[in-house]
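Accompanying notes for the structure given below.
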Amino acid sequence: MQFEAFCAGGLAPGWSLLVQGHSDSGEDKFEINFLSEAGEIAFHVKPRFSSATVVGNTFQGGRWGQEEVSSVFPLVLGEPFEMEVSSDAEHFHVHAQEHKVLQFAHRHRPLAAITRVQVLSDHRLAQVELARRDLSWW
């Protein structure tokens with residue numbers, strides 16, 4: 001299953017992506033990608049059920065950057081899940097089941113050049129919401 005959306009005007013502080021679904025597969029086939037207008041992956045986040053970690057990275061200039069790995073992993077295989085990725089001026093923030101699991105510094109500038117978001121998953125997705133929120137929400 002795949003979801004893709006365009007961010008009107010590009011990414012800016014205050015954008016938030018909420019993904020809700022059910023992790024019914026034992027495989028690590030779930031990822032969220034924020035893509036630049038040039039097709040680079042400005043931010044890639046992937047929960048890895050096999051190692052109970054969440055990984056963040058970028059794919060720029062034809063190669064992957066340095067992975068950032070979090071061992072905070074509140075997701076449980078076979079149960080519903082909720083992940084949210086939000087952005088401020090300096091970082092992406094990743095929450096799962098209302099726990100902060102990763103803070104990832106922006107490596108791609110300007111943020112406005114990040115124009116698409118995609119969710120790739122073999123898990124059942126119940127809802128995907130991309131919204132711009134008031135900055136006071138943070």
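We label chains A, B, ... in the order they appear in the structure tokens, count residues from 1 in each chain, and number ligands from 1 in the order shown.
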
Requested in this report: List every residue of chain A that DSSP, applied to the backbone, labels as strand (DSSP E), and write the result as a PyMOL selection string.
Outcome: chain A and resi 2-6+15-22+30-36+41-48+53-60+63-64+68-70+80-87+91-96+99-105+114-121+124-132

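Residue neighbourhood of region 38-47 of chain A, excluding near-sequence residues (fewer than 2 positions): A:Asp28, A:Phe30, A:Glu31, A:Ile32, A:Asn33, A:Phe34, A:Leu35, A:Ser36, A:Phe49, A:Ala52, A:Thr53, A:Val54, A:Val55, A:Gly56, A:Asn57, A:Thr58, A:Phe59, A:Gln60, A:Gly61, A:His106, A:Arg107, A:His108, A:Ile114, at 8 Å, using only C-alpha atoms.
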
Report summary line: Of A:Phe104, A:Phe73, A:Phe92, A:Phe81, the one sitting nearest Gly21 (chain A) when using only C-alpha atoms is A:Phe81

Query raised in the report: What lies within 12 Å of Ala5 (chain A) using only C-alpha atoms, ignoring chain neighbours under 4 positions off, as a list of chain:residue names?
Result: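 My reading of the contact set: A:Gly10, A:Leu11, A:Leu17, A:Ile32, A:Asn33, A:Phe34, A:Leu35, A:Ile114, A:Thr115, A:Arg116, A:Val117, A:Gln118, A:Val119, A:Val128, A:Glu129, A:Leu130, A:Ala131.
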
Requested in this report: Report the distance between CA of Leu125 (chain A) and CA of His22 (chain A) in Å, rounded to one decimal place.
Outcome: 6.4 Å

**Report entry** Distance query Gln103 (chain A) at most 10 Å, only C-alpha atoms, self and fewer than 3 positions along chain excluded, as JSON, numbers by chain
**Finding:** {"A": [56, 68, 70, 85, 86, 87, 90, 91, 92, 93, 94, 95, 100, 106]}

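Proximity of A:Gln2, A:Glu67, A:Glu79, A:Ala89 to Ala112 (chain A), computed with only C-alpha atoms, is greatest for A:Ala89.
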
Query raised in the report: So which residues touch Glu98 (chain A) within 9 Å, counting only C-alpha atoms, skipping near sequence neighbours fewer than 5 positions away, as a list in words?
Result: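 With the cut-off at 9 Å, the set is Pro74, Glu82, Met83 and Glu84 of chain A.
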
Report task. Find the distance between CA of Gln20 (chain A) and CA of Ala8 (chain A) and write it in Å to one decimal. Result ->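 Here the two named atoms are 22.5 Å from each other.
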
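Counting from CA of Pro110 (chain A), the distance to CA of Arg132 (chain A) is 17.4 Å.
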